[in-house]
Amino acid sequence: MTDSPVWHPFTQHGLQEPIPLVTHAEGAALHTADGRRIIDGISSWWVTTHGHGNPRIMQAIADQTRRLDQIIFAGWTHQPAEDLARGLLEIMPPELTRVFFSDSGSTSVEVALKMALGYWHAQETRRNRIIVLEHSYHGDTIGAMSVGARGVFNQAYDALLFDVVTVPFPAPGREQGTLDALERACADDAAAFIVEPLVLGAGGMLFYPPEILARMHEICRRHETIFIADEVMTGWGRTGTLLACEQAGIVPDILCLSKGLTGGAIPLAVTMASEPIYQAHYSTDRARMFFHSSSYTANPIACAAGNANLAIWREEPVRERIAGLGERQQAGLDLLADTPGIVNTRRCGTILACEIGDGSGYMNAAAPSLLAFFRDRDLLLRPLGNTVYVMPPFCIGDDDLGLLHRAIAEAASLGT
Ligand SMILES: *Cc1c(COP(=O)(O)O)cnc(C)c1O
């Protein structure tokens with residue numbers, strides 16, 4: 001494949017690493033052109049919830065292709081989008097009354113930030129500062145990078161990134177520092193706080209407890225700082241509940257959803273807003289409309305997949321599946337917790353994570369060899385530095401899950 005013109009994301013082509021060609025997939029298994037069956041331990045980058053090729057989602061897509069492929073969404077509408085918006089209102093917290101469509105997690109974040117600033121633009125007192133949590137990841141467009149952690153991934157673009165106020169991650173024993181910093185930042189007329197609830201994904205699968213999320217929300221509410229929950233990864237059951245926010249008993253002012261919105265089958269995102277955010281843009285003045293769109297906003301085929309996902313959540317025992325996967329991940333965790341060389345074993349709902357080695361720079365340099373180790377065993381696991389995590393589709397079988405857990409233990413025993 002070295003002569004391919006394809007430029008892959010987050011891939012250093014100069015390292016000439018093999019790039020497998022996947023021909024088909026079902027459930028938690030990927031099949032390659034050279035006949036291998038790969039276990040998808042990361043839900044194809046966190047998107048696949050019910051499994052690859054889910055028959056109901058595939059059927060909904062096929063049916064929709066016979067009716068309407070694409071239509072401008074400014075000033076026009078279609079049934080799949082109407083159904084999806086109403087369906088989301090039914091399943092999501094009732095305070096979130098408006099649904100704005102876009103195409104990816106990053107764009108759902110851009111939309112959320114623009115909504116928040118649009119809200120303040122319509123008020124007597126303008127606010128424009130955004131507060132973020134240390135180690136956050138919200139996507140790779142310029143605005144999403146601006147509110148995410150700065151590092152090697154965005155150094156080259158630093159000049160374009162806007163300033164934000166960063167509060168420290170609430171690591172165990174340091175929670176009060178987080179809350180105090182947030183309190184200070186909110187008191188300084190911040191427009192919005194954007195946060196990944198309970199789990200910071202790309203920042204290293206860092207977990208923090210629902211109590212802290214609830215207290216952060218309370219601080220924002222007291223200062224009228226708009227609370228934006230980026231549930232692009234945590235949503236759709238990953239943390240054990242439909243939304244991670246549920247565990248803290250909170251409802252954000254703005255909610256970002258993507259990845260599992262279509263069961264991971266096709267790109268789609270929504271930014272859900274509470275009524276005051278919408279009303280700040282509602283007017284007879286055209287200059288106050290919400291100025292955002294992309295060509296494929298609310299693509300009907302993607303919306304049909306979203307509706308099939310909602311039907312699966314309504315009609316199938318998805319919550320039981322998630323609870324069951326959580327228990328099975330716990331069994332793996334117990335195995336890994338006893339394995340020398342593995343530290344910080346942790347689980348949040350269906351997500352299992354740990355570090356191999358002590359987290360030193362040297363161990364981080366071992367990440368590519370970890371990746372190769374798993375690849376050689378036909379396992380799709382993609383460590384973040386020396387953080388290894390398992391976030392499979394909910395339908396993964398016991399044998400496949402066991403292989404993932406045992407491979408992590410083996411990788412640690414070889415590395416120490
Ligand atoms: C993946 C992710 C995004 C970005 O989503 P894309 O669809 O890749 O643009 C944003 N926020 C969080 C928390 C994510 O995990």
# chains A, B, ... in the order shown; residues from 1 in each chain; ligands from 1
>>> select_by_dssp(residues="range 54-273 of chain A", states="alpha helix (DSSP H)", output="PyMOL selection string")
chain A and resi 55-65+79-91+105-121+142-146+175-187+210-222+245-248
>>> residues_around(residues="Cys395 in chain A", least_positions_apart="5", cutoff="10 Å", atoms="only C-alpha atoms", output="short mmCIF file (atom, residue, chain, number, x, y, z; two decimals) with C-alpha atoms, in the first residue's frame")
data_model
loop_
_atom_site.label_atom_id
_atom_site.label_comp_id
_atom_site.auth_asym_id
_atom_site.auth_seq_id
_atom_site.Cartn_x
_atom_site.Cartn_y
_atom_site.Cartn_z
CA GLY A 27 -20.38 -6.96 15.25
CA ALA A 28 -17.00 -6.42 16.88
CA THR A 49 -21.98 1.29 19.72
CA HIS A 50 -24.33 -1.56 18.73
CA GLY A 51 -21.75 -3.26 16.49
CA HIS A 52 -20.68 -3.00 12.86
CA VAL A 318 -29.45 -1.64 25.34
CA ARG A 321 -26.23 -4.87 27.37
CA ILE A 322 -24.24 -1.92 28.66
CA GLY A 324 -23.43 -6.58 31.15
CA LEU A 325 -20.44 -5.22 29.22
#
>>> residues_near_ligand(ligand="ligand 1", cutoff="6 Å", atoms="only C-alpha atoms and all ligand atoms", output="JSON, numbers by chain")
{"A": [104, 105, 106, 137, 138, 139, 196, 201, 230, 231, 232, 233]}
>>> residues_around(residues="range 374-388 of chain A", least_positions_apart="2", cutoff="7 Å", atoms="only C-alpha atoms", output="list in words")
Arg37, Ile38, Ile39, Asp40, Gly41, Ile42, Gly204, Ala353, Cys354, Glu355, Ile356, Gly359, Met363, Asn364, Ala367, Leu370, Leu371, Ala372 and Leu404 of chain A
>>> write_last_selection(atoms="N, CA, C and O atoms", output="PDB file, in the first residue's frame")
ATOM      1  N   ARG A  37      -9.094 -11.698  10.711  1.00  0.00           N
ATOM      2  CA  ARG A  37     -10.244 -11.234  11.484  1.00  0.00           C
ATOM      3  C   ARG A  37      -9.692 -10.443  12.678  1.00  0.00           C
ATOM      4  O   ARG A  37      -8.987 -10.988  13.525  1.00  0.00           O
ATOM      5  N   ILE A  38      -9.985  -9.152  12.696  1.00  0.00           N
ATOM      6  CA  ILE A  38      -9.429  -8.259  13.714  1.00  0.00           C
ATOM      7  C   ILE A  38     -10.527  -7.930  14.729  1.00  0.00           C
ATOM      8  O   ILE A  38     -11.649  -7.575  14.334  1.00  0.00           O
ATOM      9  N   ILE A  39     -10.200  -8.014  16.000  1.00  0.00           N
ATOM     10  CA  ILE A  39     -11.192  -7.645  17.026  1.00  0.00           C
ATOM     11  C   ILE A  39     -11.124  -6.136  17.258  1.00  0.00           C
ATOM     12  O   ILE A  39     -10.069  -5.584  17.579  1.00  0.00           O
ATOM     13  N   ASP A  40     -12.252  -5.480  17.087  1.00  0.00           N
ATOM     14  CA  ASP A  40     -12.307  -4.017  17.204  1.00  0.00           C
ATOM     15  C   ASP A  40     -12.484  -3.622  18.675  1.00  0.00           C
ATOM     16  O   ASP A  40     -13.598  -3.488  19.171  1.00  0.00           O
ATOM     17  N   GLY A  41     -11.371  -3.425  19.360  1.00  0.00           N
ATOM     18  CA  GLY A  41     -11.407  -3.119  20.795  1.00  0.00           C
ATOM     19  C   GLY A  41     -11.656  -1.661  21.108  1.00  0.00           C
ATOM     20  O   GLY A  41     -11.767  -1.286  22.287  1.00  0.00           O
ATOM     21  N   ILE A  42     -11.733  -0.803  20.069  1.00  0.00           N
ATOM     22  CA  ILE A  42     -11.933   0.629  20.332  1.00  0.00           C
ATOM     23  C   ILE A  42     -13.113   1.182  19.527  1.00  0.00           C
ATOM     24  O   ILE A  42     -13.215   2.388  19.310  1.00  0.00           O
ATOM     25  N   GLY A 204      -6.302  10.991  27.616  1.00  0.00           N
ATOM     26  CA  GLY A 204      -5.692   9.861  28.320  1.00  0.00           C
ATOM     27  C   GLY A 204      -6.669   9.020  29.123  1.00  0.00           C
ATOM     28  O   GLY A 204      -6.286   8.374  30.087  1.00  0.00           O
ATOM     29  N   ALA A 353      -9.567   1.178  31.371  1.00  0.00           N
ATOM     30  CA  ALA A 353      -8.291   1.812  31.027  1.00  0.00           C
ATOM     31  C   ALA A 353      -7.246   1.485  32.077  1.00  0.00           C
ATOM     32  O   ALA A 353      -7.565   1.174  33.229  1.00  0.00           O
ATOM     33  N   CYS A 354      -5.984   1.542  31.665  1.00  0.00           N
ATOM     34  CA  CYS A 354      -4.876   1.363  32.598  1.00  0.00           C
ATOM     35  C   CYS A 354      -3.618   1.928  31.942  1.00  0.00           C
ATOM     36  O   CYS A 354      -3.631   2.281  30.768  1.00  0.00           O
ATOM     37  N   GLU A 355      -2.562   2.035  32.744  1.00  0.00           N
ATOM     38  CA  GLU A 355      -1.277   2.419  32.172  1.00  0.00           C
ATOM     39  C   GLU A 355      -0.334   1.221  32.242  1.00  0.00           C
ATOM     40  O   GLU A 355      -0.345   0.461  33.210  1.00  0.00           O
ATOM     41  N   ILE A 356       0.465   1.069  31.192  1.00  0.00           N
ATOM     42  CA  ILE A 356       1.512   0.058  31.207  1.00  0.00           C
ATOM     43  C   ILE A 356       2.810   0.777  31.525  1.00  0.00           C
ATOM     44  O   ILE A 356       3.185   1.719  30.827  1.00  0.00           O
ATOM     45  N   GLY A 359       4.598   5.514  33.180  1.00  0.00           N
ATOM     46  CA  GLY A 359       4.179   6.764  32.559  1.00  0.00           C
ATOM     47  C   GLY A 359       5.316   7.711  32.256  1.00  0.00           C
ATOM     48  O   GLY A 359       5.094   8.867  31.944  1.00  0.00           O
ATOM     49  N   MET A 363       8.454   5.257  28.533  1.00  0.00           N
ATOM     50  CA  MET A 363       7.343   4.350  28.297  1.00  0.00           C
ATOM     51  C   MET A 363       6.419   4.891  27.213  1.00  0.00           C
ATOM     52  O   MET A 363       5.853   4.135  26.440  1.00  0.00           O
ATOM     53  N   ASN A 364       6.252   6.215  27.194  1.00  0.00           N
ATOM     54  CA  ASN A 364       5.428   6.794  26.135  1.00  0.00           C
ATOM     55  C   ASN A 364       6.036   6.491  24.770  1.00  0.00           C
ATOM     56  O   ASN A 364       5.329   6.256  23.811  1.00  0.00           O
ATOM     57  N   ALA A 367       4.848   3.435  22.924  1.00  0.00           N
ATOM     58  CA  ALA A 367       3.487   3.323  22.395  1.00  0.00           C
ATOM     59  C   ALA A 367       3.430   2.674  21.004  1.00  0.00           C
ATOM     60  O   ALA A 367       2.611   1.787  20.780  1.00  0.00           O
ATOM     61  N   LEU A 370       3.704  -0.962  21.355  1.00  0.00           N
ATOM     62  CA  LEU A 370       2.463  -1.529  21.891  1.00  0.00           C
ATOM     63  C   LEU A 370       1.442  -1.717  20.772  1.00  0.00           C
ATOM     64  O   LEU A 370       0.803  -2.754  20.652  1.00  0.00           O
ATOM     65  N   LEU A 371       1.333  -0.675  19.957  1.00  0.00           N
ATOM     66  CA  LEU A 371       0.393  -0.720  18.832  1.00  0.00           C
ATOM     67  C   LEU A 371       0.710  -1.915  17.933  1.00  0.00           C
ATOM     68  O   LEU A 371      -0.170  -2.690  17.560  1.00  0.00           O
ATOM     69  N   ALA A 372       1.997  -2.094  17.636  1.00  0.00           N
ATOM     70  CA  ALA A 372       2.429  -3.209  16.782  1.00  0.00           C
ATOM     71  C   ALA A 372       2.156  -4.542  17.470  1.00  0.00           C
ATOM     72  O   ALA A 372       1.735  -5.507  16.827  1.00  0.00           O
ATOM     73  N   LEU A 404      -8.721  -9.524  24.287  1.00  0.00           N
ATOM     74  CA  LEU A 404      -8.210  -8.150  24.448  1.00  0.00           C
ATOM     75  C   LEU A 404      -7.580  -7.993  25.835  1.00  0.00           C
ATOM     76  O   LEU A 404      -6.467  -7.471  25.974  1.00  0.00           O
TER      77      LEU A 404
END
>>> closest_residue(among="A:Val47, A:Ala33, A:Met58, A:Leu15", to="Gly237 in chain A", atoms="only C-alpha atoms")
A:Val47
>>> atom_distance(atom1="CA of Trp46 in chain A", atom2="CA of Gln16 in chain A")
25.0 Å
>>> residues_around(residues="Val199 in chain A", least_positions_apart="6", cutoff="12 Å", atoms="only C-alpha atoms", output="PyMOL selection string")
chain A and resi 133+135-137+169-171+205-210+212-213+229-235+238-240+243-245+346-353
>>> atom_distance(atom1="CA of Gly263 in chain A", atom2="CA of Thr345 in chain A")
27.5 Å
>>> closest_residue(among="A:Cys220, A:Ala60, A:Ala29, A:Ile266", to="Asp399 in chain A", atoms="only C-alpha atoms")
A:Ala29
>>> atom_distance(atom1="CA of Ala112 in chain A", atom2="CA of Glu95 in chain A")
15.9 Å
>>> closest_residue(among="A:Asp188, A:Leu257, A:Glu211, A:Ala202", to="His223 in chain A", atoms="only C-alpha atoms")
A:Asp188
>>> closest_residue(among="A:Met272, A:Leu21, A:Ala323, A:Ile408", to="Pro93 in chain A", atoms="only C-alpha atoms")
A:Met272
>>> closest_residue(among="A:Ala149, A:Leu117, A:Leu336, A:Ile277", to="Gly203 in chain A", atoms="only C-alpha atoms")
A:Ala149
>>> residues_around(residues="Ala311 in chain A", least_positions_apart="6", cutoff="10 Å", atoms="only C-alpha atoms", output="MDAnalysis selection string")
chainID A and resid 56:57 87 305
>>> write_last_selection(atoms="N, CA, C and O atoms", output="short mmCIF file (atom, residue, chain, number, x, y, z; two decimals), in the first residue's frame")
data_model
loop_
_atom_site.label_atom_id
_atom_site.label_comp_id
_atom_site.auth_asym_id
_atom_site.auth_seq_id
_atom_site.Cartn_x
_atom_site.Cartn_y
_atom_site.Cartn_z
N ARG A 56 -30.63 -3.25 11.62
CA ARG A 56 -31.69 -2.23 11.64
C ARG A 56 -31.17 -0.91 11.08
O ARG A 56 -31.87 -0.20 10.35
N ILE A 57 -29.93 -0.56 11.44
CA ILE A 57 -29.36 0.70 10.95
C ILE A 57 -29.07 0.59 9.46
O ILE A 57 -29.38 1.51 8.68
N GLY A 87 -37.39 12.62 18.44
CA GLY A 87 -36.92 11.43 19.17
C GLY A 87 -35.86 11.79 20.20
O GLY A 87 -35.83 11.25 21.30
N ALA A 305 -30.31 6.87 9.82
CA ALA A 305 -29.48 6.02 10.67
C ALA A 305 -29.65 6.42 12.14
O ALA A 305 -29.72 5.56 13.03
#
>>> select_by_dssp(residues="range 7-236 of chain A", states="strand (DSSP E or B)", output="PyMOL selection string")
chain A and resi 22-27+29-32+37-40+52+96-102+129-133+165-167+190-195+199-200+206-207+226-230
>>> closest_residue(among="A:Leu182, A:Ile254, A:Ala298, A:Leu333", to="Ile72 in chain A", atoms="only C-alpha atoms")
A:Ala298
>>> closest_atom_pairs(of="range 188-233 of chain A", to="range 142-147 of chain A", cutoff="10 Å", atoms="only C-alpha atoms", output="Markdown table")
| residue | atom | partner | partner_atom | distance |
| --- | --- | --- | --- | --- |
| A:Phe193 | CA | A:Val147 | CA | 9.6 |
| A:Ile194 | CA | A:Val147 | CA | 7.8 |
| A:Val195 | CA | A:Val147 | CA | 9.4 |
